[in-house]
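Written out below as structure tokens is the structure these notes cover.
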Amino acid sequence: MEDDTLNLLDGESSLPAEKRLKPLASEESSSYPHESKIQLGLSLCLCTDDVFISKLESLSSPATVKDCPTMAEPSSTSSSSSSSSSSSSLTIKANLFSGAKRTADHSAFPRQVVGWPPVRNNRMNNLINQAKPAFTQEFDSEDMRTTNMNDVVDASNNTSVNPTVWNEQSRTLLVKVYMDGYPIGRKVNLNSHICYDTLAGMLEDMFFGSRKSETTTTSRLLAESSEFVLTYEDKDGDYMKVGDIPWRMFTSSVKRLRIMRKPVVPNGFGEEYGCLE
Amino acid sequence: MDPKRKKLDCMKSLESESSDSTLSSPFPDEVLERVLSLVKSNKDRSSVSLVCKDWYNAERWSRTHVFIGNCYSVSPEIVVRRFPKIRSLTIKGKPRFSDFNLVPKNWGAEIHPWLVIFASAYPFLEELRLKRMTVTDESLEFLAMNFPNFNSLSLFSCDGFSTEGLASIAQHCKNLTELDIQENGMEDLKGSWLSCFPDNFSSLKLLNFASLHSDVCFSDLEKLVGRCKSLKVLKVNSHVTLDQLKRLLDLAPQLTDLGTGSFWQESAIHQLPELESTFGKSKNLLTLSGLWDASSLFLKVLYHACCNLTFLNLSYAAVRGVELDKFLAHCPKLQRLWLLDSVGDVGLEAVGSHCPLLEELRVFPTEPYDQDFHGVTELGFIAVSRGCPKLHYVLYFCQRMTNAAVTTIVQNCPNFTHFRLCIMNPHQPDYITNEPMDEAFGAVVKTCTKLQRLSVSGLLTDRTFEYIGKYAKNLETLSVAFAGKSDWGMKCMLSGCPRLRKLEIRDCPFGNAALLSGLDKYESMRSLWMSACNVTMKACKLLAKEMPRLNVEVMKEEDEGDYLKRNESDDDCQADKVYVYRTVAGRRRDAPPFVLTL
């Protein structure tokens, strides 16, 4: 009987089969056929995204929840098979950051099932629209002078011809932000900022706790004296320090942000070695 | 309400006194009907109809509204025969899990056969509220053409129609006061449906097209809003820009419920003061929604419009905690709040500190599939529970939770009526102790005696269901997914929970014995849904045989109708999706091939 089920489902290449979770707690032998295809409940983005689906399928069966000592390091369950429970969160995150660039801007949930989590389609579609990497012809009044004239013409043409498309594409540019040693990742909308200072200010609020007083001093993140350095992953996959290039260029090439802890150099280092000689 | 109750009580006692005599009622029917027409609650009306035959008749002649929770539990003929004077109907169709793509397309729940019967029985029909029904453009046109008094249409989570159908409604319903189109699986053909309202049409009080994807002709919308002076509720879709919205608001300062369009417009950055002043005039606002892509820059313009706000829906704007904090400082009267988890725990702390009157909170996920992205955690939930003692409705999506946190939360807010917690990773235990989340839900059912609706998640053993069965005396709706250990879990639910009406289960290790343990219970419930469990045809057939007043439907995917037919006699065949519901209409006549009613 089970074979029949599998034959029927495998033969239907146009119909992705439901991928079901084997309940961990159940002792009974599961009679669920292990379909190889994954049906993603979203009709919009994921089913047509070949890169994304192949990434999903290439993931080995994930470590079970029981293997994980705490859920504070969720990356150990969702990252690819190469991750071992390394004590350094840096290594795990490096695994996530490096590797194939994904066209869909979220890491794969290896155990995606139909209709879970229970979020209505309307809402799902809205989220997908928000997460799409927007083309960054976003500019503001202050940058107008430095803008390439062609860009201005293009943008205004777009506005008159198809204002809704322009709106949709440039209204949000969400990128992920991670901080070393902090397992919780966040997302920021770069299009709601016009310069590095406001971005850094917001990141500080997010990761160092909100500071009630409005501060006008240079943010801690950008300061040389800070123990952290704000970096970003660019189009080529390299990590660069934030702040070196004009804002518009930055927003058009940034893929992800990372707040790195600066490596600590002990003060007496040189002297120790000096003594040994 | 109380004076009516007294009347009914006294009539009841009179009734029992005269029960020996041949007089059936001391009051003429007309008086009885008149009195009963004041009884609005459906539950009360049901009770009234059970008193005696005269009261049953008086009730049925005086009833103007019918609520049908499951369209297949009754047939339109039966409804029409019993209630001759209906002017308003609410009908619900598909099982709730159809919202999450678990019910195959073309399952049924078509409104058309109902409309055909209503056209002759209720020509004066005024209002139709449909949820999870299949509504075609043909049906909408039929509705528009055959009911001259029709004035109020609400479609929530329906499918099968397009903007063409809406055009028929706009064009032909001369007395339309409400058009409420929410979250439907409809086809957006970019028509000019809104432009089909006649030039002299001005009766609209409610217009909601927030979930439509295509744009409407703005100048026609502007003219419509301009001439509908009674318009109180206006919810536009995201194609309406900020400056367009401003023009609409200038025309309609009397609005009480506003759904904005896109709340980000690069060119409107220069118009902030004007926007602020326009919004400042809308002091009557009670509800605010839409707000797509709102950023702190534009949220500021709303500050002075929120002094009387009771419902704020920010669930389409990825707002940060700090921004939310500033915003909520201007919303002291908030009772209902919908958010995205982008606000983080910081945002929820702000909720706890600014919203003492809060009764309902819903926190939706920004990244449902990304385990690395933690929007909100148990800490945010605790913060809200501390600051909002009136909280009784919560829907909370999160990546991690602990038993201790939930216990604290319900101690702070013991009045929960709706507790829907979704820990997004299935089978996830308490992330600190690594234990199952049994004690969390145990605390919920033990502490919250008024609990009517519960959705459970996380790693759960049968213990959870023991607690639920034992303590959840008022529970009516229960949703279970990826939980339980054995049949015992489901048996506990079915043998306890005296008020259970809707039970929906997916991906749980409950089998035939579990299904059959509820044999005596299902007739007192509206429905049971079980999918991806361990049920086979054998149990389904037995259930159908023993309980003829239940419809036991076994479903496969849409193109698997043949498979179902071939294996109908195979008792050991897996019943992937089972839908059991009580009915007085017998098995349905419109079942597609992939649905087998046993």
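Numbering starts fresh at 1 for the residues of each chain in the structure tokens, the chains themselves are lettered A, B, ... in the order given, and ligands are numbered from 1 as they appear.
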Item to check | Secondary structure check, strand (DSSP E or B) residues of range 316-404 of chain B, as a VMD selection string | outcome: chain B and resid 336 to 340 360 to 364 373 393 to 398
Would you save the residues of that selection, restricted to N, CA and C atoms, as a tab-separated table (two decimals), in the first residue's frame?
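Result file out_14.tsv:
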chain	number	residue	atom	x	y	z
B	336	ARG	N	-7.04	47.05	21.46
B	336	ARG	CA	-6.60	45.94	20.62
B	336	ARG	C	-5.38	46.39	19.83
B	337	LEU	N	-4.38	45.54	19.78
B	337	LEU	CA	-3.14	45.89	19.11
B	337	LEU	C	-2.60	44.70	18.33
B	338	TRP	N	-2.33	44.92	17.04
B	338	TRP	CA	-1.74	43.88	16.20
B	338	TRP	C	-0.38	44.39	15.75
B	339	LEU	N	0.64	43.55	15.91
B	339	LEU	CA	2.00	43.97	15.60
B	339	LEU	C	2.75	42.92	14.80
B	340	LEU	N	3.88	43.34	14.24
B	340	LEU	CA	4.84	42.39	13.69
B	340	LEU	C	5.93	42.20	14.74
B	360	GLU	N	-6.53	42.91	23.79
B	360	GLU	CA	-6.16	41.93	22.78
B	360	GLU	C	-4.81	42.28	22.17
B	361	LEU	N	-3.94	41.29	22.05
B	361	LEU	CA	-2.64	41.48	21.42
B	361	LEU	C	-2.38	40.36	20.43
B	362	ARG	N	-1.98	40.75	19.20
B	362	ARG	CA	-1.56	39.72	18.23
B	362	ARG	C	-0.19	40.12	17.71
B	363	VAL	N	0.74	39.20	17.78
B	363	VAL	CA	2.09	39.45	17.30
B	363	VAL	C	2.40	38.45	16.19
B	364	PHE	N	2.55	38.96	14.97
B	364	PHE	CA	2.77	38.10	13.81
B	364	PHE	C	4.25	38.01	13.47
B	373	PHE	N	16.11	34.05	13.11
B	373	PHE	CA	15.56	35.37	13.35
B	373	PHE	C	14.60	35.31	14.54
B	393	TYR	N	-7.11	38.29	25.18
B	393	TYR	CA	-6.98	37.64	23.87
B	393	TYR	C	-5.55	37.79	23.40
B	394	VAL	N	-4.89	36.67	23.15
B	394	VAL	CA	-3.53	36.78	22.62
B	394	VAL	C	-3.29	35.77	21.51
B	395	LEU	N	-2.59	36.25	20.48
B	395	LEU	CA	-2.07	35.38	19.42
B	395	LEU	C	-0.60	35.74	19.32
B	396	TYR	N	0.27	34.77	19.60
B	396	TYR	CA	1.69	35.09	19.77
B	396	TYR	C	2.55	34.10	19.01
B	397	PHE	N	3.29	34.60	18.03
B	397	PHE	CA	4.23	33.76	17.29
B	397	PHE	C	5.63	34.02	17.82
B	398	CYS	N	6.34	32.96	18.17
B	398	CYS	CA	7.69	33.15	18.70
B	398	CYS	C	8.54	31.93	18.36
Next on the checklist: Would you mind listing, as a list in words, all residues of chain B that have at least one atom within 6 Å of chain A, where only C-alpha atoms are what counts?
Outcome noted: Asp99, Phe100, Asn101, Glu183, Tyr369, Asp370, Phe373, His374, Met424, Tyr431 and Lys485 of chain B
Would you mind exporting N, CA, C and O atoms of the selected residues as a short mmCIF file (atom, residue, chain, number, x, y, z; two decimals), in the first residue's frame?
data_model
loop_
_atom_site.label_atom_id
_atom_site.label_comp_id
_atom_site.auth_asym_id
_atom_site.auth_seq_id
_atom_site.Cartn_x
_atom_site.Cartn_y
_atom_site.Cartn_z
N ASP B 99 -7.42 27.82 5.46
CA ASP B 99 -6.64 29.06 5.41
C ASP B 99 -5.16 28.76 5.28
O ASP B 99 -4.38 29.62 4.88
N PHE B 100 -4.76 27.56 5.67
CA PHE B 100 -3.35 27.20 5.63
C PHE B 100 -3.10 26.13 4.57
O PHE B 100 -2.22 25.29 4.69
N ASN B 101 -3.95 26.15 3.57
CA ASN B 101 -3.77 25.27 2.40
C ASN B 101 -3.89 23.79 2.70
O ASN B 101 -3.34 22.97 1.96
N GLU B 183 -9.18 39.64 2.89
CA GLU B 183 -8.30 38.47 2.84
C GLU B 183 -8.86 37.29 2.07
O GLU B 183 -8.88 36.17 2.56
N TYR B 369 9.92 31.39 8.51
CA TYR B 369 10.72 30.21 8.19
C TYR B 369 12.16 30.32 8.63
O TYR B 369 12.96 29.44 8.38
N ASP B 370 12.51 31.39 9.26
CA ASP B 370 13.91 31.60 9.60
C ASP B 370 14.13 31.41 11.09
O ASP B 370 13.76 32.25 11.89
N PHE B 373 16.11 34.05 13.11
CA PHE B 373 15.56 35.37 13.35
C PHE B 373 14.60 35.31 14.54
O PHE B 373 13.54 34.72 14.46
N HIS B 374 15.01 35.92 15.61
CA HIS B 374 14.13 35.95 16.77
C HIS B 374 13.46 37.30 16.84
O HIS B 374 14.10 38.29 17.12
N MET B 424 7.10 28.47 16.75
CA MET B 424 7.11 28.17 15.33
C MET B 424 7.83 26.90 14.92
O MET B 424 7.46 26.29 13.92
N TYR B 431 13.12 26.08 26.13
CA TYR B 431 14.50 26.22 25.65
C TYR B 431 15.52 26.32 26.77
O TYR B 431 16.71 26.21 26.54
N LYS B 485 1.53 12.07 22.36
CA LYS B 485 2.38 10.90 22.28
C LYS B 485 1.61 9.66 21.84
O LYS B 485 2.16 8.77 21.22
#
Please list as a JSON list (two decimals) with N, CA, C and O atoms, in the first residue's frame every residue within 10 Å of Val319 in chain B, counting only C-alpha atoms and excluding residues in the same chain fewer than 6 positions away.
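Resulting contents of out-v3.json:
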[["chain", "number", "residue", "atom", "x", "y", "z"],
["A", 188, "VAL", "N", 16.97, 45.19, 9.59],
["A", 188, "VAL", "CA", 16.80, 46.64, 9.51],
["A", 188, "VAL", "C", 16.38, 47.03, 8.11],
["A", 188, "VAL", "O", 16.72, 46.36, 7.14],
["A", 189, "ASN", "N", 15.63, 48.09, 8.04],
["A", 189, "ASN", "CA", 15.21, 48.61, 6.75],
["A", 189, "ASN", "C", 16.13, 49.77, 6.39],
["A", 189, "ASN", "O", 16.02, 50.86, 6.93],
["B", 293, "ASP", "N", 4.50, 49.50, 5.29],
["B", 293, "ASP", "CA", 5.85, 50.05, 5.25],
["B", 293, "ASP", "C", 6.02, 51.34, 6.01],
["B", 293, "ASP", "O", 6.87, 52.16, 5.65],
["B", 294, "ALA", "N", 5.24, 51.54, 7.02],
["B", 294, "ALA", "CA", 5.37, 52.77, 7.80],
["B", 294, "ALA", "C", 6.73, 52.81, 8.45],
["B", 294, "ALA", "O", 7.20, 51.83, 9.02],
["B", 295, "SER", "N", 7.34, 53.97, 8.38],
["B", 295, "SER", "CA", 8.61, 54.14, 9.07],
["B", 295, "SER", "C", 8.43, 55.27, 10.08],
["B", 295, "SER", "O", 7.45, 55.99, 10.03],
["B", 296, "SER", "N", 9.40, 55.43, 10.94],
["B", 296, "SER", "CA", 9.25, 56.40, 12.02],
["B", 296, "SER", "C", 8.95, 57.79, 11.49],
["B", 296, "SER", "O", 8.19, 58.55, 12.09],
["B", 299, "LEU", "N", 5.24, 57.83, 10.70],
["B", 299, "LEU", "CA", 4.36, 57.51, 11.83],
["B", 299, "LEU", "C", 4.11, 58.74, 12.68],
["B", 299, "LEU", "O", 3.05, 58.90, 13.28],
["B", 339, "LEU", "N", 0.64, 43.55, 15.91],
["B", 339, "LEU", "CA", 2.00, 43.97, 15.60],
["B", 339, "LEU", "C", 2.75, 42.92, 14.80],
["B", 339, "LEU", "O", 2.35, 41.77, 14.75],
["B", 340, "LEU", "N", 3.88, 43.34, 14.24],
["B", 340, "LEU", "CA", 4.84, 42.39, 13.69],
["B", 340, "LEU", "C", 5.93, 42.20, 14.74],
["B", 340, "LEU", "O", 6.24, 43.13, 15.49],
["B", 341, "ASP", "N", 6.55, 41.03, 14.74],
["B", 341, "ASP", "CA", 7.55, 40.79, 15.77],
["B", 341, "ASP", "C", 8.84, 41.59, 15.56],
["B", 341, "ASP", "O", 9.79, 41.46, 16.34],
["B", 342, "SER", "N", 8.85, 42.44, 14.53],
["B", 342, "SER", "CA", 10.01, 43.31, 14.34],
["B", 342, "SER", "C", 10.16, 44.28, 15.51],
["B", 342, "SER", "O", 11.23, 44.84, 15.72],
["B", 343, "VAL", "N", 9.09, 44.47, 16.26],
["B", 343, "VAL", "CA", 9.18, 45.39, 17.40],
["B", 343, "VAL", "C", 10.05, 44.81, 18.51],
["B", 343, "VAL", "O", 10.53, 45.54, 19.37],
["B", 344, "GLY", "N", 10.20, 43.51, 18.51],
["B", 344, "GLY", "CA", 11.06, 42.87, 19.51],
["B", 344, "GLY", "C", 10.52, 43.00, 20.92],
["B", 344, "GLY", "O", 9.45, 43.58, 21.16],
["B", 347, "GLY", "N", 9.81, 46.51, 22.06],
["B", 347, "GLY", "CA", 8.50, 47.03, 21.68],
["B", 347, "GLY", "C", 7.41, 46.54, 22.61],
["B", 347, "GLY", "O", 6.50, 47.27, 22.97]]
Next on the checklist: I'd like the contact shell of Phe416 in chain B - 10 Å cut-off, only C-alpha atoms, skipping same-chain residues fewer than 3 positions apart - returned as a list in words.
Outcome noted: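 Result of the neighbour search: Glu359, Glu360, Lys390, Leu391, His392, Tyr393, Val394, Val410, Cys413, Phe419, Val444, Val445, Thr447, Cys448, Thr449, Lys450, Leu451, Gln452, Arg453 and Leu454 of chain B.
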For the selection you just gave me, I'd like the residues written to a file as a PDB file, in the first residue's frame, keeping C-alpha atoms.
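Everything below was put into part.pdb:
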ATOM      1  CA  GLU B 359      -7.421  43.551  25.948  1.00  0.00           C
ATOM      2  CA  GLU B 360      -6.155  41.932  22.778  1.00  0.00           C
ATOM      3  CA  LYS B 390      -7.055  43.304  31.184  1.00  0.00           C
ATOM      4  CA  LEU B 391      -5.449  41.211  28.486  1.00  0.00           C
ATOM      5  CA  HIS B 392      -7.720  38.350  27.534  1.00  0.00           C
ATOM      6  CA  TYR B 393      -6.981  37.635  23.874  1.00  0.00           C
ATOM      7  CA  VAL B 394      -3.534  36.783  22.624  1.00  0.00           C
ATOM      8  CA  VAL B 410      -1.258  33.583  33.183  1.00  0.00           C
ATOM      9  CA  CYS B 413      -3.517  37.758  33.386  1.00  0.00           C
ATOM     10  CA  PHE B 419      -4.850  31.855  24.208  1.00  0.00           C
ATOM     11  CA  VAL B 444      -3.084  28.103  31.195  1.00  0.00           C
ATOM     12  CA  VAL B 445      -6.050  25.786  31.632  1.00  0.00           C
ATOM     13  CA  THR B 447      -5.545  29.403  35.875  1.00  0.00           C
ATOM     14  CA  CYS B 448      -7.739  30.709  33.078  1.00  0.00           C
ATOM     15  CA  THR B 449     -11.133  29.336  33.902  1.00  0.00           C
ATOM     16  CA  LYS B 450     -12.847  31.436  31.271  1.00  0.00           C
ATOM     17  CA  LEU B 451     -10.752  30.015  28.450  1.00  0.00           C
ATOM     18  CA  GLN B 452     -12.819  29.528  25.297  1.00  0.00           C
ATOM     19  CA  ARG B 453     -10.168  29.098  22.660  1.00  0.00           C
ATOM     20  CA  LEU B 454      -6.762  27.460  22.878  1.00  0.00           C
TER      21      LEU B 454
END
Item to check | Pro95 in chain B surroundings by only C-alpha atoms, 8 Å radius, close-in-sequence under 2 positions cut, as a PyMOL selection string | outcome: chain B and resi 93+97-98+103+132+529
Next on the checklist: What's the separation between CA of Leu519 in chain B and CA of Trp488 in chain B, in Å to one decimal place?
Outcome noted: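 The value is 14.9 Å.
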Item to check | Shell of 10 Å around Arg587 in chain B, only C-alpha atoms, local chain residues under 6 positions omitted, as a list in words | outcome: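 Here the qualifying residues turn out to be Tyr72, Ser73, Pro548, Arg549, Leu550, Asn551, Val552, Glu553, Leu596, Thr597 and Leu598 of chain B.
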Write the residues of the selection above to a file with all heavy atoms, as a short mmCIF file (atom, residue, chain, number, x, y, z; two decimals), in the first residue's frame.
data_model
loop_
_atom_site.label_atom_id
_atom_site.label_comp_id
_atom_site.auth_asym_id
_atom_site.auth_seq_id
_atom_site.Cartn_x
_atom_site.Cartn_y
_atom_site.Cartn_z
N TYR B 72 -22.65 22.92 5.64
CA TYR B 72 -23.14 21.58 5.33
C TYR B 72 -23.90 20.93 6.48
O TYR B 72 -24.34 19.80 6.38
CB TYR B 72 -21.99 20.67 4.89
CG TYR B 72 -21.49 21.02 3.51
CD1 TYR B 72 -20.18 21.41 3.30
CD2 TYR B 72 -22.34 20.97 2.41
CE1 TYR B 72 -19.72 21.74 2.04
CE2 TYR B 72 -21.90 21.30 1.14
CZ TYR B 72 -20.59 21.68 0.96
OH TYR B 72 -20.13 22.00 -0.29
N SER B 73 -24.03 21.65 7.59
CA SER B 73 -24.77 21.06 8.70
C SER B 73 -26.27 21.15 8.45
O SER B 73 -27.06 20.49 9.12
CB SER B 73 -24.43 21.78 10.00
OG SER B 73 -24.85 23.13 9.91
N PRO B 548 -25.13 7.96 12.30
CA PRO B 548 -25.68 8.37 11.00
C PRO B 548 -25.92 9.88 10.87
O PRO B 548 -26.02 10.38 9.76
CB PRO B 548 -27.02 7.61 10.92
CG PRO B 548 -27.34 7.22 12.32
CD PRO B 548 -26.06 7.08 13.05
N ARG B 549 -25.96 10.57 12.01
CA ARG B 549 -26.19 12.01 11.90
C ARG B 549 -24.89 12.81 11.79
O ARG B 549 -24.89 14.03 11.92
CB ARG B 549 -27.01 12.51 13.08
CG ARG B 549 -28.50 12.19 12.88
CD ARG B 549 -29.34 12.83 13.92
NE ARG B 549 -28.98 12.33 15.25
CZ ARG B 549 -29.81 12.30 16.27
NH1 ARG B 549 -31.05 12.70 16.13
NH2 ARG B 549 -29.42 11.88 17.45
N LEU B 550 -23.80 12.07 11.60
CA LEU B 550 -22.54 12.75 11.31
C LEU B 550 -22.17 12.50 9.86
O LEU B 550 -22.42 11.41 9.34
CB LEU B 550 -21.41 12.19 12.17
CG LEU B 550 -21.46 12.33 13.68
CD1 LEU B 550 -20.27 11.61 14.29
CD2 LEU B 550 -21.47 13.78 14.10
N ASN B 551 -21.57 13.47 9.24
CA ASN B 551 -20.93 13.22 7.94
C ASN B 551 -19.46 12.99 8.22
O ASN B 551 -18.82 13.82 8.87
CB ASN B 551 -21.08 14.44 7.01
CG ASN B 551 -22.39 14.41 6.25
OD1 ASN B 551 -23.16 13.47 6.36
ND2 ASN B 551 -22.63 15.44 5.47
N VAL B 552 -18.96 11.87 7.76
CA VAL B 552 -17.54 11.58 7.93
C VAL B 552 -16.91 11.68 6.55
O VAL B 552 -17.14 10.84 5.69
CB VAL B 552 -17.33 10.17 8.53
CG1 VAL B 552 -15.84 9.88 8.68
CG2 VAL B 552 -18.02 10.05 9.88
N GLU B 553 -16.15 12.74 6.34
CA GLU B 553 -15.53 12.93 5.03
C GLU B 553 -14.06 12.58 5.09
O GLU B 553 -13.34 13.03 5.97
CB GLU B 553 -15.66 14.39 4.59
CG GLU B 553 -17.07 14.79 4.24
CD GLU B 553 -17.14 16.19 3.63
OE1 GLU B 553 -16.08 16.73 3.28
OE2 GLU B 553 -18.25 16.72 3.52
N LEU B 596 -14.67 11.68 -0.01
CA LEU B 596 -15.54 10.53 0.15
C LEU B 596 -16.33 10.69 1.44
O LEU B 596 -15.74 10.85 2.50
CB LEU B 596 -14.66 9.28 0.23
CG LEU B 596 -15.34 7.93 0.15
CD1 LEU B 596 -15.97 7.76 -1.22
CD2 LEU B 596 -14.31 6.84 0.38
N THR B 597 -17.64 10.70 1.32
CA THR B 597 -18.45 10.74 2.54
C THR B 597 -18.86 9.31 2.85
O THR B 597 -19.50 8.66 2.04
CB THR B 597 -19.70 11.61 2.34
OG1 THR B 597 -19.31 12.85 1.78
CG2 THR B 597 -20.38 11.86 3.67
N LEU B 598 -18.49 8.86 4.02
CA LEU B 598 -18.74 7.46 4.33
C LEU B 598 -20.13 7.24 4.89
O LEU B 598 -20.68 8.11 5.54
CB LEU B 598 -17.69 6.99 5.33
CG LEU B 598 -16.26 7.09 4.78
CD1 LEU B 598 -15.25 6.85 5.88
CD2 LEU B 598 -16.06 6.10 3.65
#
Checklist entry - Which residues, written as a ChimeraX atom specification, have at least one atom at most 9 Å from range 309-312 of chain B, with only C-alpha atoms counted and residues fewer than 3 positions away on the same chain left out? => result /B:283-289,305-306,315,331-339,358
